[in-house]
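So this block is work22.txt, compact mmCIF, C-alpha atoms:
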# COMPACT_ATOMS: atom_id res chain seq x y z
CA MET A 19 28.74 -8.95 3.70
CA PRO A 20 28.60 -10.53 0.23
CA SER A 21 31.97 -11.52 -1.12
CA PRO A 22 33.32 -9.45 -4.01
CA SER A 23 32.85 -10.71 -7.52
CA SER A 24 35.72 -12.02 -9.58
CA CYS A 25 36.26 -8.61 -11.14
CA GLY A 26 36.71 -7.00 -7.73
CA ALA A 27 33.44 -5.04 -7.69
CA PRO A 28 31.02 -5.71 -4.83
CA LEU A 29 28.04 -7.87 -5.68
CA LEU A 30 24.60 -6.34 -5.82
CA GLU A 31 22.44 -7.26 -2.85
CA THR A 32 19.75 -9.89 -3.36
CA TRP A 33 16.92 -7.38 -3.29
CA GLN A 34 18.63 -5.25 -5.92
CA ILE A 35 18.60 -8.21 -8.32
CA GLY A 36 15.37 -10.00 -7.47
CA GLY A 37 13.37 -7.09 -6.09
CA PHE A 38 12.00 -6.12 -2.67
CA GLY A 39 8.34 -6.58 -1.83
CA LEU A 40 5.78 -6.51 0.96
CA TYR A 41 3.24 -9.32 1.32
CA VAL A 42 0.18 -8.61 3.52
CA HIS A 43 -1.88 -11.66 4.46
CA TRP A 44 -5.55 -11.13 5.24
CA PRO A 45 -6.72 -14.45 6.71
CA PHE A 46 -10.50 -14.13 6.57
CA CYS A 47 -13.02 -15.55 4.09
CA GLN A 48 -16.79 -15.79 3.85
CA SER A 49 -16.44 -19.56 3.48
CA LYS A 50 -13.67 -22.15 3.17
CA CYS A 51 -13.26 -23.61 -0.32
CA PRO A 52 -12.81 -27.40 -0.24
CA TYR A 53 -9.63 -27.35 -2.38
CA CYS A 54 -7.92 -24.51 -0.47
CA ASP A 55 -4.88 -25.19 1.71
CA PHE A 56 -4.11 -21.53 2.37
CA ASN A 57 -4.34 -20.08 5.87
CA SER A 58 -7.91 -18.81 5.73
CA HIS A 59 -10.59 -18.63 8.40
CA VAL A 60 -14.29 -17.88 8.67
CA VAL A 61 -15.23 -15.66 11.63
CA ALA A 62 -18.35 -13.87 12.82
CA SER A 63 -16.78 -10.42 13.20
CA ILE A 64 -13.51 -8.58 12.61
CA ASP A 65 -12.01 -5.65 14.53
CA HIS A 66 -10.60 -3.79 11.53
CA ASP A 67 -8.92 -1.13 13.67
CA ALA A 68 -7.02 -3.73 15.67
CA TRP A 69 -5.84 -5.45 12.52
CA LEU A 70 -4.72 -2.19 10.97
CA ASN A 71 -2.72 -1.32 14.08
CA ALA A 72 -1.00 -4.71 13.96
CA TYR A 73 -0.11 -4.44 10.28
CA VAL A 74 1.40 -0.97 10.55
CA ALA A 75 3.34 -1.97 13.67
CA GLU A 76 4.91 -4.82 11.71
CA ILE A 77 5.73 -2.51 8.79
CA ASP A 78 7.49 -0.18 11.23
CA ARG A 79 9.47 -3.05 12.72
CA TYR A 80 10.65 -4.49 9.42
CA ALA A 81 11.40 -1.08 7.94
CA ALA A 82 13.80 -0.39 10.79
CA GLU A 83 15.77 -3.46 9.66
CA THR A 84 15.67 -2.62 5.95
CA PRO A 85 16.35 1.11 5.63
CA ASP A 86 17.15 2.70 2.28
CA ARG A 87 15.51 -0.07 0.27
CA VAL A 88 13.27 0.56 -2.72
CA LEU A 89 9.91 -1.20 -2.49
CA SER A 90 8.85 -2.55 -5.88
CA SER A 91 5.67 -4.38 -4.91
CA ILE A 92 2.91 -4.66 -2.32
CA TYR A 93 0.62 -7.69 -2.48
CA PHE A 94 -2.56 -8.15 -0.45
CA GLY A 95 -3.23 -11.91 -0.38
CA GLY A 96 -5.38 -14.23 1.62
CA GLY A 97 -7.89 -15.33 2.55
CA THR A 98 -10.11 -12.81 0.82
CA PRO A 99 -8.48 -9.36 0.92
CA SER A 100 -11.49 -7.87 -0.90
CA LEU A 101 -13.27 -8.17 2.46
CA MET A 102 -10.86 -5.60 3.89
CA GLU A 103 -12.14 -2.08 4.38
CA PRO A 104 -10.67 0.25 1.74
CA ALA A 105 -9.56 2.59 4.53
CA THR A 106 -7.46 -0.24 6.02
CA VAL A 107 -5.81 -0.90 2.66
CA ALA A 108 -5.15 2.83 2.18
CA ALA A 109 -3.54 3.15 5.62
CA ILE A 110 -1.26 0.15 5.05
CA ILE A 111 -0.09 1.53 1.71
CA ALA A 112 0.45 4.97 3.23
CA ARG A 113 2.55 3.56 6.09
CA ALA A 114 4.65 1.56 3.64
CA ALA A 115 5.24 4.76 1.64
CA GLU A 116 6.40 6.52 4.79
CA ARG A 117 8.85 3.77 5.73
CA TRP A 118 10.33 2.80 2.34
CA THR A 119 11.02 4.52 -0.97
CA PHE A 120 8.48 3.42 -3.56
CA ALA A 121 9.73 2.41 -7.00
CA ASN A 122 8.41 4.72 -9.69
CA ASP A 123 6.48 1.80 -11.16
CA ILE A 124 5.50 0.12 -7.91
CA GLU A 125 2.91 -2.62 -8.36
CA ILE A 126 0.20 -2.79 -5.70
CA THR A 127 -2.00 -5.87 -6.10
CA LEU A 128 -5.08 -6.94 -4.18
CA GLU A 129 -6.68 -10.37 -4.52
CA ALA A 130 -10.45 -10.23 -4.85
CA ASN A 131 -13.39 -12.54 -5.04
CA PRO A 132 -15.98 -11.61 -7.68
CA GLY A 133 -19.03 -11.61 -5.44
CA SER A 134 -21.17 -8.48 -5.31
CA ILE A 135 -20.16 -7.75 -1.70
CA GLU A 136 -16.48 -7.59 -2.60
CA ALA A 137 -16.96 -5.84 -5.95
CA ARG A 138 -18.57 -2.88 -4.17
CA ASN A 139 -15.15 -2.15 -2.68
CA PHE A 140 -13.25 -2.01 -5.99
CA ALA A 141 -13.50 1.76 -6.43
CA GLY A 142 -12.36 2.27 -2.84
CA TYR A 143 -9.30 0.09 -3.42
CA LYS A 144 -8.32 2.10 -6.46
CA ALA A 145 -8.63 5.31 -4.45
CA ALA A 146 -6.47 3.68 -1.74
CA GLY A 147 -3.62 3.19 -4.21
CA VAL A 148 -4.18 -0.34 -5.51
CA ASN A 149 -3.20 -0.41 -9.19
CA ARG A 150 -3.59 -4.11 -10.00
CA ILE A 151 -6.38 -6.48 -9.04
CA SER A 152 -6.37 -10.28 -9.20
CA ILE A 153 -9.82 -11.91 -9.26
CA GLY A 154 -10.36 -15.49 -8.12
CA ILE A 155 -12.96 -16.57 -10.67
CA GLN A 156 -11.75 -20.24 -10.78
CA ALA A 157 -14.41 -21.52 -13.22
CA LEU A 158 -16.75 -20.20 -15.89
CA ASN A 159 -19.27 -22.92 -15.21
CA ASP A 160 -21.91 -22.60 -12.49
CA THR A 161 -22.01 -26.33 -11.72
CA ASP A 162 -18.26 -26.46 -11.20
CA LEU A 163 -18.26 -23.25 -9.17
CA LYS A 164 -20.59 -24.99 -6.70
CA ARG A 165 -18.37 -28.07 -6.67
CA LEU A 166 -15.39 -25.83 -5.88
CA GLY A 167 -17.30 -24.24 -3.02
CA ARG A 168 -17.36 -20.81 -4.64
CA LEU A 169 -20.13 -18.44 -3.57
CA HIS A 170 -20.35 -16.45 -6.81
CA SER A 171 -22.00 -17.27 -10.11
CA VAL A 172 -20.57 -17.00 -13.62
CA SER A 173 -22.76 -13.94 -14.15
CA GLU A 174 -21.33 -12.25 -11.04
CA ALA A 175 -17.80 -13.15 -12.15
CA LYS A 176 -18.30 -11.52 -15.54
CA GLN A 177 -19.82 -8.42 -13.95
CA ALA A 178 -16.93 -8.11 -11.49
CA LEU A 179 -14.40 -8.55 -14.28
CA THR A 180 -16.07 -5.88 -16.39
CA LEU A 181 -16.14 -3.50 -13.40
CA ALA A 182 -12.50 -4.19 -12.56
CA LYS A 183 -11.39 -3.54 -16.15
CA SER A 184 -13.22 -0.19 -16.08
CA LEU A 185 -11.35 0.87 -12.92
CA PHE A 186 -7.87 -0.67 -13.09
CA ASP A 187 -5.26 -0.59 -15.82
CA ARG A 188 -4.07 -4.04 -14.78
CA VAL A 189 -6.47 -6.91 -14.13
CA SER A 190 -5.69 -10.60 -13.71
CA PHE A 191 -7.97 -13.50 -12.99
CA ASP A 192 -7.55 -17.14 -11.97
CA LEU A 193 -9.04 -20.32 -13.38
CA ILE A 194 -8.64 -23.92 -12.25
CA TYR A 195 -8.62 -26.74 -14.80
CA ALA A 196 -8.47 -30.55 -14.65
CA ARG A 197 -11.62 -30.41 -12.56
CA GLN A 198 -14.02 -33.27 -11.94
CA ASP A 199 -15.62 -34.64 -15.12
CA GLN A 200 -14.02 -31.89 -17.24
CA SER A 201 -13.23 -32.88 -20.81
CA LEU A 202 -10.54 -31.43 -23.04
CA VAL A 203 -13.19 -29.84 -25.26
CA ALA A 204 -14.96 -28.33 -22.24
CA TRP A 205 -11.69 -26.77 -21.02
CA GLN A 206 -10.98 -25.43 -24.50
CA THR A 207 -14.40 -23.77 -24.65
CA GLU A 208 -13.99 -22.31 -21.17
CA LEU A 209 -10.49 -20.97 -21.78
CA GLU A 210 -11.52 -19.47 -25.11
CA GLY A 211 -14.33 -17.73 -23.25
CA ALA A 212 -11.85 -16.37 -20.72
CA LEU A 213 -9.53 -15.13 -23.45
CA SER A 214 -12.46 -13.31 -25.12
CA PHE A 215 -12.28 -10.82 -22.24
CA ALA A 216 -8.86 -9.75 -23.59
CA PRO A 217 -7.08 -10.14 -20.23
CA ASP A 218 -3.49 -8.95 -19.83
CA HIS A 219 -2.73 -11.64 -17.25
CA LEU A 220 -4.15 -15.09 -16.46
CA SER A 221 -3.25 -17.53 -13.70
CA LEU A 222 -4.27 -21.02 -14.84
CA TYR A 223 -3.80 -23.75 -12.25
CA GLN A 224 -4.30 -27.48 -12.49
CA LEU A 225 -6.48 -28.70 -9.63
CA THR A 226 -4.31 -30.36 -7.02
CA ILE A 227 -5.66 -32.36 -4.11
CA GLU A 228 -3.87 -31.17 -0.99
CA PRO A 229 -3.73 -33.03 2.33
CA GLY A 230 -5.69 -31.34 5.09
CA THR A 231 -8.36 -29.94 2.77
CA ALA A 232 -11.95 -31.08 2.37
CA PHE A 233 -11.10 -32.36 -1.11
CA GLY A 234 -8.14 -34.21 0.37
CA ALA A 235 -10.37 -36.00 2.87
CA ARG A 236 -12.90 -36.89 0.17
CA PHE A 237 -10.15 -38.18 -2.10
CA GLU A 238 -8.74 -40.42 0.64
CA ALA A 239 -12.23 -41.78 1.27
CA GLY A 240 -12.69 -42.53 -2.45
CA LYS A 241 -15.50 -39.97 -2.75
CA LEU A 242 -13.85 -37.47 -5.11
CA ARG A 243 -14.73 -39.04 -8.44
CA GLY A 244 -14.25 -37.88 -12.00
CA LEU A 245 -10.75 -36.42 -11.69
CA PRO A 246 -8.91 -36.59 -15.03
CA GLU A 247 -6.22 -39.16 -15.68
CA GLU A 248 -2.66 -37.88 -15.90
CA ASP A 249 -2.60 -38.02 -19.71
CA LEU A 250 -5.74 -35.88 -19.98
CA ALA A 251 -4.39 -33.35 -17.46
CA THR A 252 -1.17 -33.15 -19.50
CA ASP A 253 -3.18 -32.57 -22.68
CA MET A 254 -5.01 -29.76 -20.90
CA PHE A 255 -1.68 -28.20 -19.93
CA PHE A 256 -0.39 -28.19 -23.51
CA LEU A 257 -3.74 -26.97 -24.87
CA THR A 258 -3.50 -24.10 -22.39
CA GLN A 259 -0.09 -23.14 -23.74
CA ASP A 260 -1.29 -23.24 -27.35
CA LEU A 261 -4.42 -21.15 -26.79
CA CYS A 262 -2.67 -18.56 -24.64
CA ASN A 263 0.24 -18.25 -27.05
CA ALA A 264 -2.18 -17.69 -29.93
CA ALA A 265 -3.94 -14.98 -27.89
CA GLY A 266 -0.68 -13.15 -27.13
CA LEU A 267 -0.43 -14.33 -23.50
CA PRO A 268 2.59 -16.65 -23.44
CA ALA A 269 3.53 -18.39 -20.20
CA TYR A 270 6.23 -16.62 -18.24
CA GLU A 271 5.90 -19.15 -15.41
CA VAL A 272 4.40 -22.64 -15.29
CA SER A 273 0.89 -21.46 -14.36
CA ASN A 274 1.00 -17.78 -15.29
CA HIS A 275 0.46 -16.12 -18.64
CA ALA A 276 0.79 -12.46 -19.55
CA ARG A 277 1.11 -10.00 -22.36
CA PRO A 278 4.70 -8.75 -22.49
CA GLY A 279 5.21 -6.20 -19.72
CA GLN A 280 2.17 -7.32 -17.73
CA GLU A 281 3.86 -10.04 -15.66
CA SER A 282 3.18 -10.02 -11.91
CA GLN A 283 6.16 -8.17 -10.47
CA HIS A 284 5.42 -9.44 -6.98
CA ASN A 285 5.48 -13.08 -7.99
CA LEU A 286 8.67 -12.46 -9.96
CA ILE A 287 10.29 -11.42 -6.67
CA TYR A 288 9.60 -14.93 -5.38
CA TRP A 289 10.71 -16.66 -8.55
CA ARG A 290 13.86 -14.53 -8.84
CA SER A 291 14.79 -15.16 -5.19
CA GLY A 292 14.45 -11.56 -4.17
CA ASP A 293 13.62 -10.28 -0.69
CA TRP A 294 10.16 -9.75 0.71
CA VAL A 295 8.61 -8.92 4.05
CA GLY A 296 5.67 -11.14 4.98
CA ILE A 297 3.17 -9.87 7.55
CA GLY A 298 -0.11 -11.35 8.75
CA PRO A 299 -1.04 -14.83 10.04
CA GLY A 300 0.90 -17.59 8.29
CA ALA A 301 2.93 -15.20 6.13
CA HIS A 302 6.44 -16.22 5.13
CA GLY A 303 9.25 -13.83 4.26
CA ARG A 304 12.79 -13.83 2.94
CA MET A 305 15.29 -11.17 3.94
CA THR A 306 18.99 -10.82 3.30
CA LEU A 307 20.60 -8.81 6.08
CA GLY A 308 24.35 -8.28 6.27
CA GLY A 309 24.86 -10.99 3.66
CA THR A 310 22.84 -13.56 5.63
CA ARG A 311 19.71 -15.04 4.05
CA LEU A 312 16.87 -15.33 6.57
CA ALA A 313 13.49 -17.05 6.50
CA THR A 314 10.68 -15.56 8.59
CA GLU A 315 7.42 -17.20 9.62
CA THR A 316 4.39 -16.00 11.54
CA ALA A 317 1.83 -17.80 13.67
CA LEU A 318 -1.01 -19.40 11.72
CA ALA A 319 -3.80 -18.60 14.17
CA PRO A 320 -5.20 -15.10 13.54
CA ALA A 321 -5.75 -14.28 17.20
CA ARG A 322 -2.25 -15.38 18.13
CA TRP A 323 -0.64 -13.35 15.36
CA LEU A 324 -2.74 -10.29 16.18
CA SER A 325 -1.68 -10.45 19.82
CA SER A 326 2.00 -10.93 18.94
CA ALA A 327 2.09 -8.15 16.36
CA THR A 328 0.25 -5.74 18.63
CA GLY A 329 2.77 -6.61 21.34
CA GLY A 330 5.66 -5.58 19.11
CA HIS A 331 6.84 -8.77 17.40
CA GLY A 332 4.64 -10.61 14.91
CA GLU A 333 7.23 -13.21 13.93
CA HIS A 334 6.82 -16.76 15.14
CA GLN A 335 10.23 -17.86 13.86
CA ARG A 336 13.33 -16.47 12.14
CA SER A 337 16.06 -18.76 10.90
CA ILE A 338 19.20 -18.65 8.78
CA ILE A 339 18.77 -20.54 5.50
CA PRO A 340 21.74 -22.89 4.92
CA ARG A 341 23.63 -22.41 1.67
CA ASP A 342 22.48 -25.71 0.13
CA GLU A 343 18.85 -24.86 0.85
CA GLN A 344 19.33 -21.44 -0.73
CA VAL A 345 20.65 -23.10 -3.87
CA THR A 346 17.75 -25.57 -4.01
CA GLU A 347 15.25 -22.76 -3.53
CA PHE A 348 16.97 -20.66 -6.20
CA LEU A 349 16.74 -23.56 -8.65
CA LEU A 350 13.20 -24.54 -7.68
CA MET A 351 11.79 -21.05 -8.12
CA GLY A 352 13.84 -20.02 -11.14
CA LEU A 353 13.15 -23.15 -13.16
CA ARG A 354 9.42 -22.39 -12.97
CA THR A 355 9.95 -19.30 -15.11
CA VAL A 356 10.51 -19.06 -18.85
CA GLU A 357 13.55 -16.84 -18.21
CA GLY A 358 15.11 -19.67 -16.18
CA ILE A 359 18.05 -19.31 -13.83
CA ASP A 360 21.11 -17.09 -14.07
CA LEU A 361 24.13 -19.40 -13.87
CA LYS A 362 26.47 -16.48 -13.18
CA ARG A 363 24.38 -15.40 -10.21
CA LEU A 364 24.39 -18.98 -8.99
CA GLN A 365 28.18 -18.94 -9.06
CA ASP A 366 28.71 -15.41 -7.72
CA HIS A 367 26.14 -15.40 -4.91
CA TYR A 368 25.97 -19.05 -3.94
CA GLU A 369 29.48 -20.15 -4.98
CA THR A 370 27.87 -23.12 -6.72
CA ALA A 371 28.23 -24.60 -10.18
CA LEU A 372 25.85 -27.24 -11.48
CA ASN A 373 27.01 -30.69 -12.50
CA ALA A 374 28.01 -30.41 -16.17
CA ASN A 375 27.24 -34.08 -16.86
CA LYS A 376 23.71 -33.69 -15.49
CA ILE A 377 23.18 -30.58 -17.60
CA ASN A 378 24.33 -32.40 -20.72
CA GLU A 379 22.07 -35.37 -20.00
CA LEU A 380 19.01 -33.18 -19.48
CA HIS A 381 19.89 -31.15 -22.56
CA ASP A 382 20.19 -34.30 -24.69
CA LEU A 383 16.74 -35.38 -23.47
CA GLY A 384 15.34 -32.05 -24.63
CA LEU A 385 14.28 -31.01 -21.13
CA ILE A 386 16.50 -27.94 -20.71
CA SER A 387 18.39 -25.41 -22.81
CA VAL A 388 21.44 -23.34 -21.90
CA ALA A 389 22.38 -20.08 -23.60
CA ASP A 390 24.01 -16.80 -22.52
CA GLN A 391 24.56 -18.04 -18.95
CA ARG A 392 20.87 -18.90 -18.52
CA LEU A 393 19.48 -22.39 -17.95
CA GLN A 394 15.84 -22.82 -18.89
CA ALA A 395 13.34 -25.66 -18.87
CA THR A 396 11.99 -26.32 -22.35
CA ASP A 397 8.31 -26.73 -23.20
CA ARG A 398 8.89 -30.46 -22.91
CA GLY A 399 10.67 -30.09 -19.59
CA ARG A 400 8.22 -27.75 -17.87
CA PRO A 401 5.70 -30.47 -16.95
CA VAL A 402 8.46 -32.52 -15.27
CA LEU A 403 10.20 -29.78 -13.28
CA ASN A 404 10.42 -31.84 -10.12
CA GLY A 405 12.47 -34.46 -11.94
CA ILE A 406 14.78 -31.81 -13.40
CA LEU A 407 15.27 -30.29 -9.97
CA ARG A 408 16.16 -33.66 -8.46
CA GLU A 409 18.88 -34.06 -11.07
CA LEU A 410 20.33 -30.56 -10.70
CA ALA A 411 20.04 -29.91 -6.96
CA PRO A 412 23.25 -30.31 -4.93
CA ASP A 413 23.64 -33.66 -3.17
Would you write out, as structure tokens, the structure that this file holds?
Amino acid sequence: MPSPSSCGAPLLETWQIGGFGLYVHWPFCQSKCPYCDFNSHVVASIDHDAWLNAYVAEIDRYAAETPDRVLSSIYFGGGTPSLMEPATVAAIIARAAERWTFANDIEITLEANPGSIEARNFAGYKAAGVNRISIGIQALNDTDLKRLGRLHSVSEAKQALTLAKSLFDRVSFDLIYARQDQSLVAWQTELEGALSFAPDHLSLYQLTIEPGTAFGARFEAGKLRGLPEEDLATDMFFLTQDLCNAAGLPAYEVSNHARPGQESQHNLIYWRSGDWVGIGPGAHGRMTLGGTRLATETALAPARWLSSATGGHGEHQRSIIPRDEQVTEFLLMGLRTVEGIDLKRLQDHYETALNANKINELHDLGLISVADQRLQATDRGRPVLNGILRELAPD
């Protein structure tokens, strides 16, 4: 059990501070995007009933370990969850409601592609209980959409966004910048166009070339030309902050912008080191049981996970997270957010205090600020978070 705080009162459990969520991974896509390193697969057919049975079996299993918890978020990620049948989504949400108490303001998000096939399901997802949708638009330029391997057009993206805004109170969409041959002016025009839709949430990611992807192979072979130099990518990052701030969507995390009150509650669970159950192929979870912080992993291969989950145990691995790794993860995730990290929680829950000399050095460089027991990366420090983490993490 957690040790008592200095005042003698028991500490709140991790999930009571950071939140408790359910992540459902749907691994299937119509095609594999060349930049994507997520666990996604293209298949000829899907047995939706079998997948539903596996998901609800895993919910039952985890719920037996986490009774009396309040579920604050459900997130359907992928893959392309907008290829799921609305009835499957409805049944998963219903089973979660049977097994846990839902928060009054529970957030239920489903990731969607903006193609016409997926958009036809939007109304069904709302009826199923989804109250927030996140659309993977990625670019508002048809040439770049093709380069990114996306199957939709800009016209389809705008139509899907308009439809989503007519159905859901909360709509987010994603864009990728620092793309091949993209200029600063071109990104400004594109982002201004995105902001003209008056979104309440935007996820704006710099293109990264990941090993094991098609882009990664092309890059290694010297065939991925036109990527921006580091200085240009940095200029794009700061331009993004300026335009979003002016539009009333300040960053609350390095790559995420929202109107106040519209932040993704599910992602905040990750960044605040809360607890979440992860089900589906390749899903990761974090659970604190009896004061012990656990990491869970599932098999990457869809068929293997489906067989395991149907057989009563969809986990591939469960391990205790050592204290030093918990601290590093707490710092890594918290520093990404504008709210920063709670130094009192760091002391109370992890019995760790940061090196005062390191804090002073980083503060003098203008990379961090400290006030009211919170340590935050500054605007200047946010682009160099990895360096800040290396300085602050325990040896």
With all atoms listed in the file as the atoms that count, which of A:Leu286, A:Ile359, A:Val345, A:Ala251 lies nearest to Arg197 (chain A)?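 Using all atoms listed in the file, Arg197 (chain A) sits closest to A:Ala251.
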One residue among A:Phe191, A:Trp69, A:Phe348, A:Trp323 is nearest to Phe215 (chain A) when using all atoms listed in the file, and that residue is A:Phe191
note - CA of Ile297 (chain A) and CA of Trp44 (chain A) are separated by 9.1 Å
Closest pair table for region 275-380 of chain A residues within 12 Å of region 149-152 of chain A, only C-alpha atoms, as CSV:
residue,atom,partner,partner_atom,distance
A:Gln280,CA,A:Arg150,CA,10.2
A:Glu281,CA,A:Arg150,CA,11.1
A:Ser282,CA,A:Arg150,CA,9.2
A:Gln283,CA,A:Arg150,CA,10.6
A:His284,CA,A:Arg150,CA,10.9
request  = Could you give me, as a PyMOL selection string, the residues within 9 Å of Thr370 (chain A), counting only C-alpha atoms and dropping anything in the same chain fewer than 5 positions from it?
outcome  = chain A and resi 345+361+364-365+412
Nearest to Leu318 (chain A), restricted to only C-alpha atoms and choosing among A:Thr106, A:His43, A:Leu257, A:Gly37, comes out as A:His43
Interatomic distance (Å, one decimal) between CA of Val295 (chain A) and CA of Leu220 (chain A) =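 Spanning CA of Val295 (chain A) to CA of Leu220 (chain A) is a straight-line distance of 24.9 Å.
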Taking the partial coordinates given, rebuild region 134-146 of chain A to contain N, CA and C atoms; return it as an mmCIF file, in the coordinates of the input.
data_model
loop_
_atom_site.group_PDB
_atom_site.id
_atom_site.type_symbol
_atom_site.label_atom_id
_atom_site.label_comp_id
_atom_site.auth_asym_id
_atom_site.auth_seq_id
_atom_site.Cartn_x
_atom_site.Cartn_y
_atom_site.Cartn_z
ATOM 1 N N SER A 134 -20.700 -9.869 -5.313
ATOM 2 C CA SER A 134 -21.170 -8.480 -5.310
ATOM 3 C C SER A 134 -20.727 -7.716 -4.073
ATOM 4 N N ILE A 135 -20.595 -8.416 -2.932
ATOM 5 C CA ILE A 135 -20.160 -7.750 -1.700
ATOM 6 C C ILE A 135 -18.756 -7.188 -1.877
ATOM 7 N N GLU A 136 -17.861 -8.015 -2.420
ATOM 8 C CA GLU A 136 -16.480 -7.590 -2.600
ATOM 9 C C GLU A 136 -16.347 -6.552 -3.710
ATOM 10 N N ALA A 137 -17.079 -6.739 -4.806
ATOM 11 C CA ALA A 137 -16.960 -5.840 -5.950
ATOM 12 C C ALA A 137 -17.332 -4.410 -5.586
ATOM 13 N N ARG A 138 -18.197 -4.227 -4.588
ATOM 14 C CA ARG A 138 -18.570 -2.880 -4.170
ATOM 15 C C ARG A 138 -17.371 -2.097 -3.634
ATOM 16 N N ASN A 139 -16.320 -2.819 -3.238
ATOM 17 C CA ASN A 139 -15.150 -2.150 -2.680
ATOM 18 C C ASN A 139 -14.098 -1.770 -3.736
ATOM 19 N N PHE A 140 -14.295 -2.194 -4.992
ATOM 20 C CA PHE A 140 -13.250 -2.010 -5.990
ATOM 21 C C PHE A 140 -12.844 -0.547 -6.154
ATOM 22 N N ALA A 141 -13.813 0.348 -6.249
ATOM 23 C CA ALA A 141 -13.500 1.760 -6.430
ATOM 24 C C ALA A 141 -12.713 2.306 -5.237
ATOM 25 N N GLY A 142 -13.070 1.842 -4.038
ATOM 26 C CA GLY A 142 -12.360 2.270 -2.840
ATOM 27 C C GLY A 142 -10.916 1.800 -2.830
ATOM 28 N N TYR A 143 -10.671 0.590 -3.354
ATOM 29 C CA TYR A 143 -9.300 0.090 -3.420
ATOM 30 C C TYR A 143 -8.463 0.899 -4.402
ATOM 31 N N LYS A 144 -9.067 1.275 -5.514
ATOM 32 C CA LYS A 144 -8.320 2.100 -6.460
ATOM 33 C C LYS A 144 -7.956 3.433 -5.817
ATOM 34 N N ALA A 145 -8.902 4.040 -5.120
ATOM 35 C CA ALA A 145 -8.630 5.310 -4.450
ATOM 36 C C ALA A 145 -7.557 5.147 -3.376
ATOM 37 N N ALA A 146 -7.471 3.955 -2.785
ATOM 38 C CA ALA A 146 -6.470 3.680 -1.740
ATOM 39 C C ALA A 146 -5.060 3.570 -2.292
#
